[in-house]
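**Student:** Could you have a look at this structure, given as structure tokens, before my questions?
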Amino acid sequence: MVNRESSEAKDASNHSPLPRKSISPRPKKNIIPSHSRPNRTKVDSTCFYVMITGQIESATFPSGINNLYCRYSFTYGPDWDILHGVNSGITQIAKRNIDGNNNKSIAWNFPIEIAFKSTNAFGWPRIALAIYGIDSLGRDVVRGYGSLMCPTCPGRYERIVQTYRPVSGSICQRIMNWIGGTPPEFYDSKFVTQSEGRGVVRVHTEGTVKVILNVITKEMESFGYTC
């Protein structure tokens, strides 16, 4: 009996609870009310952004002109840089839709997408258009030039661009150009977006081009530009 009681006392001493450690309370965080928090300073923008999307929709020319395509290119100032997109392109060759309603429109629906950044509004982007076509003898000849300044305010715009082409100074030279299939044309299609040298050029107006543009701007107000 003595041995059993002593063994039970030993077991009870082995299973005695351990002393608990004293846990100190966590310090409370100082919560600053929202109305007393310091305002974050706005970072000044280093440039503004202009995004242009849309399409060269169609062209309208006299009934004798068909099988046309358009070559476009953007011109802009030295302070402008392209973020993404392409600054030039060429459409497919399109023919007039013969629907019996005397429709003179030639549809392209060629998309345009480009984004710029700049610090100066000087040299705002412009679009130079050059229309080419196939004549009755299968020769590739110029049909007209035109230019369009991109809108400066955000929104959707529909523009009709009047096109023109240079002509020779004499009737004899015009006949020779028609026979040889070499009508006069500008050395650079971007010439139509400039002002120098255009005062002495003789041109003939012929046809129009319809352009749809969607313009988005950002950070323009930071540089003092408002619509």
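To be explicit about the labels: the chains of the structure tokens are called A, B, and onward in the order shown, and within each one the residues are counted from 1, while ligands get numbers from 1 in the order they are shown.
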Using only C-alpha atoms, find each residue of stretch 38-92 of chain A with at least one atom at most 9 Å away from an atom of stretch 172-194 of chain A; report its shortest atom-to-atom pair and that distance in Å (one decimal), sort the rows by chain and rising residue number, and return the result as a tab-separated table.
**Tutor:**
```
residue	atom	partner	partner_atom	distance
A:Arg71	CA	A:Ser189	CA	8.8
A:Tyr72	CA	A:Ser189	CA	8.5
A:Ser73	CA	A:Lys190	CA	7.4
A:Phe74	CA	A:Lys190	CA	8.2
A:Thr75	CA	A:Lys190	CA	7.2
```
**Student:** Give me the stretch 48-164 of chain A side of the contact with stretch 218-224 of chain A, cut-off 7 Å, one line per residue showing its nearest atom pair and distance in Å at one decimal, counting only C-alpha atoms, sorted by chain and residue number, as a Markdown table.
**Tutor:**
```
| residue | atom | partner | partner_atom | distance |
| --- | --- | --- | --- | --- |
| A:Phe48 | CA | A:Glu219 | CA | 4.8 |
| A:Tyr49 | CA | A:Lys218 | CA | 5.1 |
| A:Val50 | CA | A:Lys218 | CA | 6.6 |
```
**Student:** So, counting only C-alpha atoms, which residue among A:Gly123, A:Gly144, A:Gly64, A:Pro78 is closest to A:Pro166?
**Tutor:**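 Looking at the shortest contact to A:Pro166, the residue is A:Gly144.
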**Student:** Could you tell me which of A:Lys104, A:Lys95, A:Arg156, A:Arg202 comes closest to A:Ile216 if we count only C-alpha atoms?
**Tutor:**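 Closest to A:Ile216 of all the choices is A:Arg156.
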**Student:** Quote the spacing between atom CA of A:Arg143 and atom CA of A:Tyr76 in Å to one decimal place.
**Tutor:**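 Atom-to-atom, atom CA of A:Arg143 and atom CA of A:Tyr76 are spaced 24.6 Å apart.
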**Student:** Rounded to one decimal, what separation in Å do you get between atom CA of A:Pro151 and atom CA of A:Val215?
**Tutor:** 7.1 Å
**Student:** Residues near A:Ser118, anyone? I mean within 6 Å using only C-alpha atoms, not counting same-chain ones fewer than 5 positions away, as a ChimeraX atom specification.
**Tutor:** /A:47-48,79-80
**Student:** How would the residues just picked look written out with N, CA, C and O atoms as a compact mmCIF listing (two decimals), in the first residue's frame?
**Tutor:**
```txt
# COMPACT_ATOMS: atom_id res chain seq x y z
N CYS A 47 5.10 66.11 -69.12
CA CYS A 47 4.65 66.22 -70.50
C CYS A 47 3.15 65.97 -70.55
O CYS A 47 2.55 65.51 -69.58
N PHE A 48 2.55 66.31 -71.67
CA PHE A 48 1.14 65.99 -71.89
C PHE A 48 1.03 64.98 -73.03
O PHE A 48 1.97 64.76 -73.80
N ASP A 79 9.37 68.91 -80.68
CA ASP A 79 9.17 68.56 -79.28
C ASP A 79 8.21 67.40 -79.09
O ASP A 79 7.89 67.06 -77.94
N TRP A 80 7.77 66.79 -80.17
CA TRP A 80 6.80 65.70 -80.09
C TRP A 80 7.49 64.36 -80.30
O TRP A 80 8.39 64.24 -81.13
```
**Student:** One number please: atom CA of A:Glu57 to atom CA of A:Cys153, in Å, one decimal.
**Tutor:**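 Taking atom CA of A:Glu57 as the start and atom CA of A:Cys153 as the end point, the length is 21.1 Å.
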**Student:** Could you check which of A:His84, A:Lys210, A:Arg139, A:His204 is closest to A:Arg165, using only C-alpha atoms?
**Tutor:** A:His204
**Student:** Which residues in stretch 10-226 of chain A does DSSP call strand (DSSP E)? List them as a PyMOL selection string.
**Tutor:** chain A and resi 48-60+68-75+80-85+88-90+105-118+126-134+140-149+155-166+203-218
**Student:** Selection from above, C-alpha atoms, as a PDB file, in the first residue's frame, can you write it?
**Tutor:**
```
ATOM      1  CA  PHE A  48       1.142  65.990 -71.887  1.00  0.00           C
ATOM      2  CA  TYR A  49      -0.331  63.234 -74.041  1.00  0.00           C
ATOM      3  CA  VAL A  50      -2.459  63.166 -77.191  1.00  0.00           C
ATOM      4  CA  MET A  51      -3.994  59.957 -78.565  1.00  0.00           C
ATOM      5  CA  ILE A  52      -5.574  59.906 -82.019  1.00  0.00           C
ATOM      6  CA  THR A  53      -7.648  57.052 -83.413  1.00  0.00           C
ATOM      7  CA  GLY A  54     -10.108  56.816 -86.265  1.00  0.00           C
ATOM      8  CA  GLN A  55     -10.153  55.888 -89.918  1.00  0.00           C
ATOM      9  CA  ILE A  56      -9.762  57.151 -93.436  1.00  0.00           C
ATOM     10  CA  GLU A  57     -13.289  56.314 -94.416  1.00  0.00           C
ATOM     11  CA  SER A  58     -13.850  57.122 -98.083  1.00  0.00           C
ATOM     12  CA  ALA A  59     -13.136  59.379-101.045  1.00  0.00           C
ATOM     13  CA  THR A  60     -15.378  61.074-103.575  1.00  0.00           C
ATOM     14  CA  LEU A  68      -7.852  54.539-105.842  1.00  0.00           C
ATOM     15  CA  TYR A  69      -5.690  54.106-102.739  1.00  0.00           C
ATOM     16  CA  CYS A  70      -4.537  56.588-100.105  1.00  0.00           C
ATOM     17  CA  ARG A  71      -1.158  57.089 -98.479  1.00  0.00           C
ATOM     18  CA  TYR A  72      -1.161  59.037 -95.217  1.00  0.00           C
ATOM     19  CA  SER A  73       1.566  60.294 -92.896  1.00  0.00           C
ATOM     20  CA  PHE A  74       1.737  62.409 -89.726  1.00  0.00           C
ATOM     21  CA  THR A  75       3.868  65.520 -89.399  1.00  0.00           C
ATOM     22  CA  TRP A  80       6.800  65.704 -80.092  1.00  0.00           C
ATOM     23  CA  ASP A  81       7.542  62.000 -79.649  1.00  0.00           C
ATOM     24  CA  ILE A  82       5.543  58.924 -80.639  1.00  0.00           C
ATOM     25  CA  LEU A  83       4.624  56.610 -77.757  1.00  0.00           C
ATOM     26  CA  HIS A  84       3.005  53.885 -79.834  1.00  0.00           C
ATOM     27  CA  GLY A  85       1.417  53.430 -83.221  1.00  0.00           C
ATOM     28  CA  SER A  88       2.373  56.485 -91.889  1.00  0.00           C
ATOM     29  CA  GLY A  89       0.411  53.895 -93.806  1.00  0.00           C
ATOM     30  CA  ILE A  90      -1.190  52.968 -97.099  1.00  0.00           C
ATOM     31  CA  SER A 105     -17.919  57.277-103.033  1.00  0.00           C
ATOM     32  CA  ILE A 106     -14.949  54.902-102.818  1.00  0.00           C
ATOM     33  CA  ALA A 107     -14.760  53.217 -99.380  1.00  0.00           C
ATOM     34  CA  TRP A 108     -11.491  52.342 -97.591  1.00  0.00           C
ATOM     35  CA  ASN A 109     -12.340  52.319 -93.838  1.00  0.00           C
ATOM     36  CA  PHE A 110      -8.610  52.185 -93.072  1.00  0.00           C
ATOM     37  CA  PRO A 111      -7.847  52.459 -89.314  1.00  0.00           C
ATOM     38  CA  ILE A 112      -5.577  55.072 -87.725  1.00  0.00           C
ATOM     39  CA  GLU A 113      -4.074  54.805 -84.234  1.00  0.00           C
ATOM     40  CA  ILE A 114      -1.192  56.788 -82.770  1.00  0.00           C
ATOM     41  CA  ALA A 115      -0.233  58.388 -79.431  1.00  0.00           C
ATOM     42  CA  PHE A 116       2.092  61.356 -78.850  1.00  0.00           C
ATOM     43  CA  LYS A 117       3.731  63.037 -75.902  1.00  0.00           C
ATOM     44  CA  SER A 118       5.079  66.581 -75.861  1.00  0.00           C
ATOM     45  CA  ARG A 126      -1.165  67.167 -88.969  1.00  0.00           C
ATOM     46  CA  ILE A 127      -2.107  64.433 -91.444  1.00  0.00           C
ATOM     47  CA  ALA A 128      -0.824  64.550 -95.016  1.00  0.00           C
ATOM     48  CA  LEU A 129      -2.928  62.649 -97.567  1.00  0.00           C
ATOM     49  CA  ALA A 130      -1.846  61.538-101.017  1.00  0.00           C
ATOM     50  CA  ILE A 131      -4.336  59.832-103.337  1.00  0.00           C
ATOM     51  CA  TYR A 132      -3.096  57.578-106.131  1.00  0.00           C
ATOM     52  CA  GLY A 133      -4.946  55.563-108.709  1.00  0.00           C
ATOM     53  CA  ILE A 134      -4.739  53.431-111.827  1.00  0.00           C
ATOM     54  CA  ASP A 140      -0.077  54.416-111.348  1.00  0.00           C
ATOM     55  CA  VAL A 141      -0.673  58.177-111.251  1.00  0.00           C
ATOM     56  CA  VAL A 142      -1.342  60.761-108.537  1.00  0.00           C
ATOM     57  CA  ARG A 143      -4.937  61.920-108.132  1.00  0.00           C
ATOM     58  CA  GLY A 144      -4.692  64.487-105.378  1.00  0.00           C
ATOM     59  CA  TYR A 145      -3.101  65.755-102.176  1.00  0.00           C
ATOM     60  CA  GLY A 146      -4.616  67.108 -99.003  1.00  0.00           C
ATOM     61  CA  SER A 147      -3.783  67.942 -95.397  1.00  0.00           C
ATOM     62  CA  LEU A 148      -5.701  67.985 -92.142  1.00  0.00           C
ATOM     63  CA  MET A 149      -4.804  69.422 -88.746  1.00  0.00           C
ATOM     64  CA  GLY A 155     -14.003  64.311 -78.954  1.00  0.00           C
ATOM     65  CA  ARG A 156     -15.121  62.647 -82.148  1.00  0.00           C
ATOM     66  CA  TYR A 157     -14.726  64.576 -85.392  1.00  0.00           C
ATOM     67  CA  GLU A 158     -15.726  64.074 -89.000  1.00  0.00           C
ATOM     68  CA  ARG A 159     -13.673  66.015 -91.528  1.00  0.00           C
ATOM     69  CA  ILE A 160     -13.977  66.423 -95.303  1.00  0.00           C
ATOM     70  CA  VAL A 161     -10.581  67.179 -96.861  1.00  0.00           C
ATOM     71  CA  GLN A 162     -10.499  68.894-100.242  1.00  0.00           C
ATOM     72  CA  THR A 163      -7.799  67.394-102.468  1.00  0.00           C
ATOM     73  CA  TYR A 164      -5.841  68.977-105.300  1.00  0.00           C
ATOM     74  CA  ARG A 165      -3.030  68.014-107.637  1.00  0.00           C
ATOM     75  CA  PRO A 166      -0.297  70.095-109.312  1.00  0.00           C
ATOM     76  CA  VAL A 203      -2.922  73.191-108.690  1.00  0.00           C
ATOM     77  CA  HIS A 204      -6.253  71.795-109.816  1.00  0.00           C
ATOM     78  CA  THR A 205      -8.945  70.897-107.255  1.00  0.00           C
ATOM     79  CA  GLU A 206     -10.444  67.473-107.691  1.00  0.00           C
ATOM     80  CA  GLY A 207     -12.190  65.175-105.180  1.00  0.00           C
ATOM     81  CA  THR A 208     -12.591  64.973-101.411  1.00  0.00           C
ATOM     82  CA  VAL A 209     -11.587  62.533 -98.659  1.00  0.00           C
ATOM     83  CA  LYS A 210     -13.674  61.789 -95.554  1.00  0.00           C
ATOM     84  CA  VAL A 211     -11.709  61.243 -92.322  1.00  0.00           C
ATOM     85  CA  ILE A 212     -13.068  60.223 -88.905  1.00  0.00           C
ATOM     86  CA  LEU A 213     -10.914  61.131 -85.866  1.00  0.00           C
ATOM     87  CA  ASN A 214     -11.250  60.396 -82.130  1.00  0.00           C
ATOM     88  CA  VAL A 215      -8.991  62.574 -79.956  1.00  0.00           C
ATOM     89  CA  ILE A 216      -8.067  61.984 -76.298  1.00  0.00           C
ATOM     90  CA  THR A 217      -5.800  64.335 -74.329  1.00  0.00           C
ATOM     91  CA  LYS A 218      -4.210  64.101 -70.884  1.00  0.00           C
TER      92      LYS A 218
END
```
